[in-house]
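Q: What follows is the file run-v4.txt, containing compact mmCIF, N, CA and C atoms:
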```txt
# COMPACT_ATOMS: atom_id res chain seq x y z
N MET A 103 -12.94 -61.06 -21.06
CA MET A 103 -14.22 -61.68 -20.71
C MET A 103 -15.10 -61.71 -21.95
N PRO A 104 -15.75 -62.83 -22.23
CA PRO A 104 -16.65 -62.91 -23.39
C PRO A 104 -17.77 -61.88 -23.26
N THR A 105 -18.27 -61.39 -24.38
CA THR A 105 -19.28 -60.33 -24.35
C THR A 105 -20.62 -60.79 -23.79
N ASP A 106 -20.91 -62.07 -23.80
CA ASP A 106 -22.19 -62.54 -23.28
C ASP A 106 -22.10 -63.01 -21.83
N CYS A 107 -20.97 -62.79 -21.20
CA CYS A 107 -20.76 -63.27 -19.83
C CYS A 107 -20.90 -62.10 -18.86
N VAL A 108 -21.76 -62.25 -17.87
CA VAL A 108 -21.98 -61.23 -16.86
C VAL A 108 -21.14 -61.57 -15.64
N PRO A 109 -20.38 -60.60 -15.09
CA PRO A 109 -19.61 -60.87 -13.88
C PRO A 109 -20.50 -61.39 -12.76
N ALA A 110 -19.95 -62.26 -11.93
CA ALA A 110 -20.73 -62.90 -10.87
C ALA A 110 -21.33 -61.89 -9.89
N ASP A 111 -20.65 -60.77 -9.65
CA ASP A 111 -21.15 -59.79 -8.69
C ASP A 111 -22.05 -58.72 -9.31
N SER A 112 -22.40 -58.88 -10.59
CA SER A 112 -23.21 -57.89 -11.28
C SER A 112 -24.68 -58.05 -10.94
N TRP A 113 -25.41 -56.96 -10.93
CA TRP A 113 -26.85 -56.94 -10.69
C TRP A 113 -27.62 -57.22 -11.97
N ALA A 114 -26.94 -57.18 -13.11
CA ALA A 114 -27.61 -57.30 -14.41
C ALA A 114 -28.00 -58.73 -14.72
N SER A 115 -29.12 -58.87 -15.42
CA SER A 115 -29.59 -60.20 -15.82
C SER A 115 -28.87 -60.71 -17.06
N SER A 116 -28.27 -59.79 -17.83
CA SER A 116 -27.51 -60.19 -19.02
C SER A 116 -26.45 -59.13 -19.30
N GLU A 117 -25.50 -59.49 -20.13
CA GLU A 117 -24.45 -58.52 -20.50
C GLU A 117 -25.06 -57.36 -21.28
N GLN A 118 -26.05 -57.63 -22.10
CA GLN A 118 -26.71 -56.56 -22.86
C GLN A 118 -27.39 -55.58 -21.90
N THR A 119 -28.06 -56.09 -20.89
CA THR A 119 -28.70 -55.23 -19.89
C THR A 119 -27.66 -54.42 -19.15
N ARG A 120 -26.58 -55.07 -18.77
CA ARG A 120 -25.51 -54.39 -18.04
C ARG A 120 -24.94 -53.24 -18.86
N ARG A 121 -24.64 -53.48 -20.13
CA ARG A 121 -24.09 -52.42 -20.99
C ARG A 121 -25.11 -51.30 -21.20
N SER A 122 -26.36 -51.66 -21.34
CA SER A 122 -27.40 -50.65 -21.53
C SER A 122 -27.52 -49.75 -20.31
N MET A 123 -27.51 -50.34 -19.13
CA MET A 123 -27.64 -49.55 -17.91
C MET A 123 -26.39 -48.70 -17.66
N GLN A 124 -25.22 -49.21 -18.00
CA GLN A 124 -24.00 -48.44 -17.82
C GLN A 124 -23.95 -47.25 -18.77
N ALA A 125 -24.65 -47.34 -19.88
CA ALA A 125 -24.64 -46.26 -20.87
C ALA A 125 -25.59 -45.12 -20.49
N ASN A 126 -26.43 -45.32 -19.48
CA ASN A 126 -27.35 -44.25 -19.07
C ASN A 126 -26.55 -43.09 -18.50
N ARG A 127 -26.93 -41.90 -18.91
CA ARG A 127 -26.23 -40.70 -18.49
C ARG A 127 -26.88 -40.11 -17.26
N SER A 128 -26.06 -39.51 -16.40
CA SER A 128 -26.62 -38.84 -15.24
C SER A 128 -26.79 -37.35 -15.51
N ARG A 129 -26.17 -36.85 -16.57
CA ARG A 129 -26.32 -35.44 -16.93
C ARG A 129 -26.27 -35.33 -18.45
N ASP A 130 -26.70 -34.17 -18.93
CA ASP A 130 -26.70 -33.89 -20.37
C ASP A 130 -27.52 -34.89 -21.18
N THR A 131 -28.65 -35.30 -20.63
CA THR A 131 -29.54 -36.19 -21.36
C THR A 131 -30.25 -35.38 -22.46
N GLY A 132 -30.83 -36.06 -23.41
CA GLY A 132 -31.54 -35.38 -24.49
C GLY A 132 -32.60 -34.39 -24.00
N PRO A 133 -33.48 -34.83 -23.09
CA PRO A 133 -34.50 -33.89 -22.59
C PRO A 133 -33.89 -32.68 -21.86
N GLU A 134 -32.83 -32.90 -21.09
CA GLU A 134 -32.17 -31.78 -20.40
C GLU A 134 -31.60 -30.79 -21.42
N LEU A 135 -30.89 -31.31 -22.40
CA LEU A 135 -30.26 -30.44 -23.40
C LEU A 135 -31.30 -29.64 -24.17
N ALA A 136 -32.42 -30.26 -24.50
CA ALA A 136 -33.47 -29.56 -25.23
C ALA A 136 -34.03 -28.40 -24.41
N VAL A 137 -34.29 -28.64 -23.13
CA VAL A 137 -34.83 -27.58 -22.26
C VAL A 137 -33.77 -26.50 -22.05
N ARG A 138 -32.54 -26.90 -21.79
CA ARG A 138 -31.48 -25.92 -21.56
C ARG A 138 -31.27 -25.03 -22.77
N GLN A 139 -31.32 -25.62 -23.96
CA GLN A 139 -31.15 -24.82 -25.17
C GLN A 139 -32.24 -23.76 -25.28
N LEU A 140 -33.48 -24.15 -25.02
CA LEU A 140 -34.59 -23.20 -25.09
C LEU A 140 -34.44 -22.09 -24.05
N LEU A 141 -34.04 -22.46 -22.84
CA LEU A 141 -33.85 -21.44 -21.79
C LEU A 141 -32.73 -20.48 -22.18
N HIS A 142 -31.65 -21.02 -22.70
CA HIS A 142 -30.52 -20.19 -23.09
C HIS A 142 -30.91 -19.24 -24.22
N MET A 143 -31.70 -19.73 -25.19
CA MET A 143 -32.16 -18.89 -26.30
C MET A 143 -33.04 -17.75 -25.80
N ARG A 144 -33.67 -17.96 -24.65
CA ARG A 144 -34.52 -16.91 -24.08
C ARG A 144 -33.73 -15.96 -23.20
N GLY A 145 -32.42 -16.14 -23.17
CA GLY A 145 -31.56 -15.24 -22.40
C GLY A 145 -31.41 -15.62 -20.94
N MET A 146 -31.89 -16.77 -20.58
CA MET A 146 -31.81 -17.20 -19.18
C MET A 146 -30.46 -17.88 -18.94
N ARG A 147 -29.85 -17.57 -17.81
CA ARG A 147 -28.57 -18.15 -17.47
C ARG A 147 -28.72 -18.94 -16.17
N TYR A 148 -28.00 -20.03 -16.09
CA TYR A 148 -28.19 -20.99 -15.01
C TYR A 148 -26.94 -21.82 -14.85
N ARG A 149 -26.91 -22.59 -13.81
CA ARG A 149 -25.83 -23.55 -13.59
C ARG A 149 -26.37 -24.94 -13.93
N VAL A 150 -25.47 -25.86 -14.22
CA VAL A 150 -25.86 -27.20 -14.66
C VAL A 150 -25.26 -28.25 -13.74
N ASP A 151 -26.07 -29.27 -13.43
CA ASP A 151 -25.61 -30.45 -12.70
C ASP A 151 -24.82 -30.06 -11.44
N MET A 152 -25.51 -29.38 -10.54
CA MET A 152 -24.84 -28.96 -9.31
C MET A 152 -25.73 -29.14 -8.10
N ARG A 153 -25.08 -29.18 -6.95
CA ARG A 153 -25.81 -29.25 -5.70
C ARG A 153 -26.35 -27.86 -5.39
N PRO A 154 -27.65 -27.69 -5.32
CA PRO A 154 -28.21 -26.36 -5.04
C PRO A 154 -27.78 -25.84 -3.67
N ASP A 155 -27.76 -26.72 -2.72
CA ASP A 155 -27.39 -26.35 -1.35
C ASP A 155 -26.32 -27.33 -0.89
N SER A 156 -25.22 -26.81 -0.40
CA SER A 156 -24.10 -27.68 -0.06
C SER A 156 -24.42 -28.66 1.06
N SER A 157 -25.46 -28.40 1.84
CA SER A 157 -25.82 -29.31 2.92
C SER A 157 -26.68 -30.49 2.45
N ILE A 158 -27.08 -30.46 1.18
CA ILE A 158 -27.95 -31.50 0.63
C ILE A 158 -27.20 -32.25 -0.46
N ARG A 159 -27.07 -33.54 -0.29
CA ARG A 159 -26.31 -34.36 -1.26
C ARG A 159 -27.19 -34.78 -2.44
N ARG A 160 -27.68 -33.80 -3.16
CA ARG A 160 -28.47 -34.06 -4.35
C ARG A 160 -28.06 -33.03 -5.40
N LYS A 161 -27.95 -33.45 -6.63
CA LYS A 161 -27.64 -32.52 -7.72
C LYS A 161 -28.91 -32.25 -8.51
N ALA A 162 -29.08 -31.00 -8.90
CA ALA A 162 -30.19 -30.62 -9.76
C ALA A 162 -29.66 -30.49 -11.19
N ASP A 163 -30.53 -30.65 -12.16
CA ASP A 163 -30.14 -30.57 -13.56
C ASP A 163 -29.87 -29.12 -13.98
N ILE A 164 -30.71 -28.22 -13.50
CA ILE A 164 -30.60 -26.79 -13.82
C ILE A 164 -30.80 -26.03 -12.52
N VAL A 165 -29.91 -25.07 -12.24
CA VAL A 165 -29.99 -24.34 -10.98
C VAL A 165 -29.89 -22.84 -11.24
N PHE A 166 -30.83 -22.11 -10.68
CA PHE A 166 -30.81 -20.65 -10.69
C PHE A 166 -30.43 -20.25 -9.27
N THR A 167 -29.16 -19.93 -9.08
CA THR A 167 -28.64 -19.73 -7.72
C THR A 167 -29.19 -18.49 -7.03
N ARG A 168 -29.30 -17.39 -7.75
CA ARG A 168 -29.74 -16.14 -7.11
C ARG A 168 -31.16 -16.19 -6.57
N ILE A 169 -32.01 -16.93 -7.25
CA ILE A 169 -33.40 -17.00 -6.80
C ILE A 169 -33.69 -18.31 -6.08
N LYS A 170 -32.65 -19.13 -5.89
CA LYS A 170 -32.77 -20.40 -5.19
C LYS A 170 -33.85 -21.30 -5.80
N MET A 171 -33.63 -21.63 -7.07
CA MET A 171 -34.56 -22.52 -7.77
C MET A 171 -33.77 -23.67 -8.40
N ALA A 172 -34.21 -24.87 -8.13
CA ALA A 172 -33.57 -26.08 -8.66
C ALA A 172 -34.56 -26.82 -9.55
N VAL A 173 -34.11 -27.18 -10.73
CA VAL A 173 -34.97 -27.86 -11.70
C VAL A 173 -34.43 -29.28 -11.92
N PHE A 174 -35.33 -30.24 -11.84
CA PHE A 174 -35.00 -31.64 -12.07
C PHE A 174 -35.82 -32.13 -13.26
N ILE A 175 -35.17 -32.78 -14.20
CA ILE A 175 -35.87 -33.40 -15.32
C ILE A 175 -35.67 -34.90 -15.14
N ASP A 176 -36.70 -35.53 -14.62
CA ASP A 176 -36.61 -36.93 -14.20
C ASP A 176 -36.92 -37.89 -15.34
N GLY A 177 -36.12 -38.94 -15.41
CA GLY A 177 -36.34 -40.00 -16.39
C GLY A 177 -37.54 -40.85 -16.00
N CYS A 178 -38.35 -41.18 -16.97
CA CYS A 178 -39.57 -41.95 -16.70
C CYS A 178 -39.28 -43.30 -16.05
N PHE A 179 -38.24 -43.98 -16.49
CA PHE A 179 -37.93 -45.28 -15.90
C PHE A 179 -37.36 -45.13 -14.50
N TRP A 180 -36.31 -44.35 -14.36
CA TRP A 180 -35.58 -44.28 -13.09
C TRP A 180 -36.36 -43.64 -11.96
N HIS A 181 -37.33 -42.80 -12.28
CA HIS A 181 -38.08 -42.11 -11.24
C HIS A 181 -39.53 -42.59 -11.15
N GLY A 182 -39.88 -43.60 -11.89
CA GLY A 182 -41.20 -44.21 -11.77
C GLY A 182 -42.36 -43.37 -12.26
N CYS A 183 -42.25 -42.85 -13.47
CA CYS A 183 -43.31 -42.03 -14.04
C CYS A 183 -44.65 -42.79 -14.00
N PRO A 184 -45.71 -42.16 -13.47
CA PRO A 184 -46.99 -42.85 -13.40
C PRO A 184 -47.59 -43.14 -14.78
N THR A 185 -47.17 -42.40 -15.79
CA THR A 185 -47.69 -42.60 -17.14
C THR A 185 -46.91 -43.66 -17.92
N HIS A 186 -45.58 -43.64 -17.82
CA HIS A 186 -44.76 -44.47 -18.69
C HIS A 186 -43.97 -45.59 -18.04
N PHE A 187 -43.86 -45.60 -16.74
CA PHE A 187 -43.03 -46.61 -16.10
C PHE A 187 -43.65 -47.99 -16.20
N THR A 188 -42.86 -48.92 -16.67
CA THR A 188 -43.25 -50.32 -16.70
C THR A 188 -42.14 -51.09 -16.00
N ALA A 189 -42.49 -51.78 -14.93
CA ALA A 189 -41.48 -52.51 -14.17
C ALA A 189 -40.95 -53.67 -14.98
N PRO A 190 -39.64 -53.84 -14.97
CA PRO A 190 -39.06 -54.99 -15.67
C PRO A 190 -39.54 -56.29 -15.04
N LYS A 191 -39.69 -57.31 -15.86
CA LYS A 191 -40.12 -58.60 -15.35
C LYS A 191 -38.95 -59.36 -14.71
N ALA A 192 -37.76 -59.18 -15.27
CA ALA A 192 -36.58 -59.82 -14.68
C ALA A 192 -36.16 -59.03 -13.45
N HIS A 193 -35.92 -59.71 -12.37
CA HIS A 193 -35.49 -59.10 -11.10
C HIS A 193 -36.51 -58.05 -10.61
N ALA A 194 -37.77 -58.39 -10.72
CA ALA A 194 -38.85 -57.44 -10.41
C ALA A 194 -38.74 -56.87 -9.00
N GLU A 195 -38.39 -57.68 -8.04
CA GLU A 195 -38.29 -57.20 -6.66
C GLU A 195 -37.18 -56.16 -6.53
N TYR A 196 -36.04 -56.42 -7.16
CA TYR A 196 -34.92 -55.47 -7.13
C TYR A 196 -35.36 -54.12 -7.70
N TRP A 197 -36.01 -54.15 -8.88
CA TRP A 197 -36.39 -52.91 -9.54
C TRP A 197 -37.48 -52.17 -8.77
N GLN A 198 -38.41 -52.90 -8.18
CA GLN A 198 -39.45 -52.26 -7.39
C GLN A 198 -38.81 -51.50 -6.22
N GLU A 199 -37.87 -52.13 -5.56
CA GLU A 199 -37.18 -51.49 -4.44
C GLU A 199 -36.34 -50.30 -4.92
N LYS A 200 -35.63 -50.47 -6.04
CA LYS A 200 -34.77 -49.43 -6.58
C LYS A 200 -35.58 -48.19 -6.97
N ILE A 201 -36.65 -48.37 -7.70
CA ILE A 201 -37.46 -47.23 -8.15
C ILE A 201 -38.16 -46.58 -6.95
N GLY A 202 -38.63 -47.38 -6.01
CA GLY A 202 -39.23 -46.84 -4.80
C GLY A 202 -38.25 -45.98 -4.01
N LYS A 203 -37.02 -46.44 -3.93
CA LYS A 203 -35.96 -45.69 -3.23
C LYS A 203 -35.68 -44.37 -3.95
N ASN A 204 -35.65 -44.41 -5.28
CA ASN A 204 -35.44 -43.18 -6.04
C ASN A 204 -36.56 -42.17 -5.80
N ARG A 205 -37.79 -42.65 -5.77
CA ARG A 205 -38.93 -41.75 -5.56
C ARG A 205 -38.90 -41.15 -4.15
N ARG A 206 -38.53 -41.97 -3.17
CA ARG A 206 -38.41 -41.44 -1.80
C ARG A 206 -37.29 -40.41 -1.71
N ARG A 207 -36.19 -40.66 -2.41
CA ARG A 207 -35.07 -39.71 -2.42
C ARG A 207 -35.50 -38.40 -3.09
N ASP A 208 -36.29 -38.48 -4.15
CA ASP A 208 -36.79 -37.26 -4.81
C ASP A 208 -37.65 -36.44 -3.85
N ALA A 209 -38.55 -37.11 -3.16
CA ALA A 209 -39.43 -36.42 -2.20
C ALA A 209 -38.60 -35.81 -1.07
N ASP A 210 -37.61 -36.55 -0.60
CA ASP A 210 -36.73 -36.04 0.46
C ASP A 210 -35.96 -34.82 -0.03
N ALA A 211 -35.46 -34.86 -1.25
CA ALA A 211 -34.72 -33.72 -1.81
C ALA A 211 -35.63 -32.50 -1.89
N ASN A 212 -36.85 -32.69 -2.36
CA ASN A 212 -37.80 -31.57 -2.44
C ASN A 212 -38.02 -30.95 -1.07
N GLU A 213 -38.21 -31.80 -0.08
CA GLU A 213 -38.47 -31.33 1.28
C GLU A 213 -37.26 -30.60 1.85
N ARG A 214 -36.08 -31.17 1.69
CA ARG A 214 -34.86 -30.55 2.21
C ARG A 214 -34.58 -29.21 1.52
N LEU A 215 -34.80 -29.17 0.22
CA LEU A 215 -34.60 -27.92 -0.49
C LEU A 215 -35.58 -26.85 -0.01
N ALA A 216 -36.83 -27.23 0.16
CA ALA A 216 -37.83 -26.28 0.65
C ALA A 216 -37.45 -25.77 2.04
N ASP A 217 -36.99 -26.67 2.90
CA ASP A 217 -36.57 -26.26 4.24
C ASP A 217 -35.39 -25.29 4.20
N ALA A 218 -34.56 -25.40 3.16
CA ALA A 218 -33.39 -24.53 3.01
C ALA A 218 -33.72 -23.26 2.22
N GLY A 219 -35.01 -23.07 1.89
CA GLY A 219 -35.43 -21.86 1.19
C GLY A 219 -35.37 -21.94 -0.32
N TRP A 220 -35.26 -23.14 -0.87
CA TRP A 220 -35.19 -23.34 -2.31
C TRP A 220 -36.56 -23.77 -2.86
N THR A 221 -36.78 -23.48 -4.13
CA THR A 221 -37.93 -23.99 -4.85
C THR A 221 -37.44 -25.10 -5.76
N ALA A 222 -38.07 -26.25 -5.67
CA ALA A 222 -37.71 -27.38 -6.53
C ALA A 222 -38.82 -27.57 -7.56
N LEU A 223 -38.43 -27.61 -8.82
CA LEU A 223 -39.37 -27.87 -9.91
C LEU A 223 -38.99 -29.22 -10.51
N ARG A 224 -39.98 -30.07 -10.73
CA ARG A 224 -39.73 -31.39 -11.31
C ARG A 224 -40.58 -31.57 -12.56
N PHE A 225 -39.92 -32.11 -13.57
CA PHE A 225 -40.59 -32.40 -14.83
C PHE A 225 -40.19 -33.80 -15.27
N TRP A 226 -41.04 -34.42 -16.09
CA TRP A 226 -40.73 -35.74 -16.63
C TRP A 226 -40.04 -35.58 -17.98
N GLU A 227 -39.20 -36.54 -18.32
CA GLU A 227 -38.46 -36.49 -19.58
C GLU A 227 -39.39 -36.50 -20.80
N HIS A 228 -40.61 -37.03 -20.65
CA HIS A 228 -41.52 -37.11 -21.79
C HIS A 228 -42.27 -35.81 -22.05
N GLU A 229 -42.17 -34.86 -21.14
CA GLU A 229 -42.89 -33.60 -21.33
C GLU A 229 -42.24 -32.79 -22.45
N ASP A 230 -43.06 -32.05 -23.16
CA ASP A 230 -42.60 -31.23 -24.26
C ASP A 230 -41.58 -30.19 -23.76
N PRO A 231 -40.38 -30.15 -24.35
CA PRO A 231 -39.36 -29.21 -23.88
C PRO A 231 -39.83 -27.75 -23.89
N GLY A 232 -40.63 -27.38 -24.88
CA GLY A 232 -41.15 -26.02 -24.93
C GLY A 232 -42.06 -25.71 -23.75
N ASP A 233 -42.92 -26.67 -23.41
CA ASP A 233 -43.81 -26.49 -22.26
C ASP A 233 -43.02 -26.41 -20.96
N VAL A 234 -41.98 -27.25 -20.86
CA VAL A 234 -41.13 -27.24 -19.66
C VAL A 234 -40.41 -25.90 -19.55
N ALA A 235 -39.83 -25.44 -20.66
CA ALA A 235 -39.12 -24.15 -20.66
C ALA A 235 -40.08 -23.01 -20.31
N ASP A 236 -41.31 -23.06 -20.83
CA ASP A 236 -42.32 -22.04 -20.50
C ASP A 236 -42.60 -22.03 -19.00
N ALA A 237 -42.79 -23.20 -18.42
CA ALA A 237 -43.09 -23.30 -16.99
C ALA A 237 -41.92 -22.79 -16.15
N ILE A 238 -40.71 -23.15 -16.54
CA ILE A 238 -39.53 -22.69 -15.80
C ILE A 238 -39.42 -21.18 -15.91
N GLU A 239 -39.57 -20.65 -17.11
CA GLU A 239 -39.47 -19.20 -17.31
C GLU A 239 -40.51 -18.46 -16.48
N THR A 240 -41.72 -18.97 -16.44
CA THR A 240 -42.78 -18.35 -15.64
C THR A 240 -42.40 -18.33 -14.16
N GLU A 241 -41.90 -19.45 -13.66
CA GLU A 241 -41.52 -19.53 -12.25
C GLU A 241 -40.31 -18.65 -11.93
N VAL A 242 -39.37 -18.59 -12.84
CA VAL A 242 -38.19 -17.74 -12.62
C VAL A 242 -38.62 -16.27 -12.57
N LYS A 243 -39.46 -15.86 -13.51
CA LYS A 243 -39.94 -14.47 -13.52
C LYS A 243 -40.71 -14.15 -12.24
N ARG A 244 -41.56 -15.08 -11.82
CA ARG A 244 -42.33 -14.88 -10.59
C ARG A 244 -41.41 -14.73 -9.39
N ALA A 245 -40.40 -15.59 -9.33
CA ALA A 245 -39.46 -15.54 -8.20
C ALA A 245 -38.65 -14.23 -8.21
N ARG A 246 -38.27 -13.80 -9.39
CA ARG A 246 -37.51 -12.53 -9.48
C ARG A 246 -38.36 -11.34 -9.09
N LEU A 247 -39.63 -11.35 -9.46
CA LEU A 247 -40.54 -10.27 -9.08
C LEU A 247 -40.76 -10.24 -7.57
N SER A 248 -40.88 -11.40 -6.97
CA SER A 248 -41.13 -11.45 -5.52
C SER A 248 -39.90 -11.03 -4.72
N ARG A 249 -38.70 -11.12 -5.33
CA ARG A 249 -37.47 -10.66 -4.66
C ARG A 249 -37.34 -9.16 -4.70
N SER A 250 -37.99 -8.52 -5.68
CA SER A 250 -37.84 -7.07 -5.87
C SER A 250 -38.54 -6.29 -4.80
```
How would this structure read if it were set down as structure tokens?
A:
Amino acid sequence: MPTDCVPADSWASSEQTRRSMQANRSRDTGPELAVRQLLHMRGMRYRVDMRPDSSIRRKADIVFTRIKMAVFIDGCFWHGCPTHFTAPKAHAEYWQEKIGKNRRRDADANERLADAGWTALRFWEHEDPGDVADAIETEVKRARLSRS
């Protein structure tokens, strides 16, 4: 298939868009790796890219299983960051629906996790990794103290 030709059943407006979207990672993104490295350097141990609760079909980026804490580092585009999200002009209706669905799924995941006794922490990819690691460390310490 020529490189500028988009398959008829594709959602993409161009082959370049299609390749760009296919290259997006669902785990081990730059912001995730930066936060994980800082947490690890602080001696914190966690699980990566896992379902916190088997009854909930959502994966968290970082999971502290013993204290039931799930951390999500959300991408500004995919999760509709109020500061940085700009809706694409091409296929605007599709993207509005897609991002809205993602945001509803995030809220649903938070609610389901809370109902199952988990704490969900959400951060945006644009937040400073050091600040995110500080916030996570504070919450983990607080949760560990309350378990004692």
Q: For Ala209 in chain A, work out the shell of residues within 12 Å, counting only C-alpha atoms and skipping chain neighbours fewer than 3 positions away, then give it as a ChimeraX atom specification.
A: /A:160,174,181,202-206,212-216,222-224
Q: Residues around (-29.6, -27.3, -6.7), cut-off 5 Å, counting all atoms listed in the file - what are they as a list in words?
A: Met152, Arg153, Pro154, Asp155, Ala162 and Ala172 of chain A
Q: Kindly provide, as a ChimeraX atom specification, the polymer residues lying within 10 Å of (-38.3, -20.5, -18.3), counting only C-alpha atoms and using the coordinates exactly as they appear in the file.
A: /A:137-138,140-142,144-146,232-243
Q: Find the axis-aligned box for range 190-198 of chain A, covering all its listed atoms and adding 3 Å on each side, and write its centre and edge lengths in Å to one decimal as lines of an AutoDock Vina configuration file.
A:
```
center_x = -37.5
center_y = -55.7
center_z = -11.0
size_x = 11.2
size_y = 14.3
size_z = 15.6
```
Q: Write down as a PyMOL selection string the residues belonging to chain A that are assigned helix (DSSP H, G or I) by DSSP computed on the backbone.
A: chain A and resi 117-124+132-143+194-217+231-249
Q: What separation in Å, quoted to one decimal, exists between CA of His228 in chain A and CA of Leu135 in chain A?
A: 13.2 Å
Q: Could you work out how far atom C of Asp176 in chain A lies from CA of Phe225 in chain A, giving the answer in Å with one decimal?
A: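 Separation of CA of Phe225 in chain A and atom C of Asp176 in chain A: 6.6 Å.
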Q: Give the strand (DSSP E) residues of chain A, as DSSP finds them on the backbone, and put them as JSON, numbers by chain.
A: {"A": [149, 150, 151, 152, 162, 163, 164, 165, 166, 171, 172, 173, 174, 175, 176, 221, 222, 223, 224, 225, 226]}
Q: Using only C-alpha atoms, determine which residues lie at most 10 Å from Glu134 in chain A, disregarding the query and same-chain residues fewer than 6 positions distant; provide the list as a list in words.
A: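 Non-adjacent residues within range: Val150, Asp163, Ile164, Val173, Phe174, Ile175, Asp176, Glu227 and Pro231 of chain A.
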Q: Rounded to one decimal, what separation in Å do you get between CA of Asp230 in chain A and CA of Asp210 in chain A?
A: 25.9 Å
Q: Kindly indicate which residue among A:Arg249, A:His186, A:Arg147, A:Arg159 lies nearest to Trp226 in chain A, using only C-alpha atoms for the distances.
A: A:His186
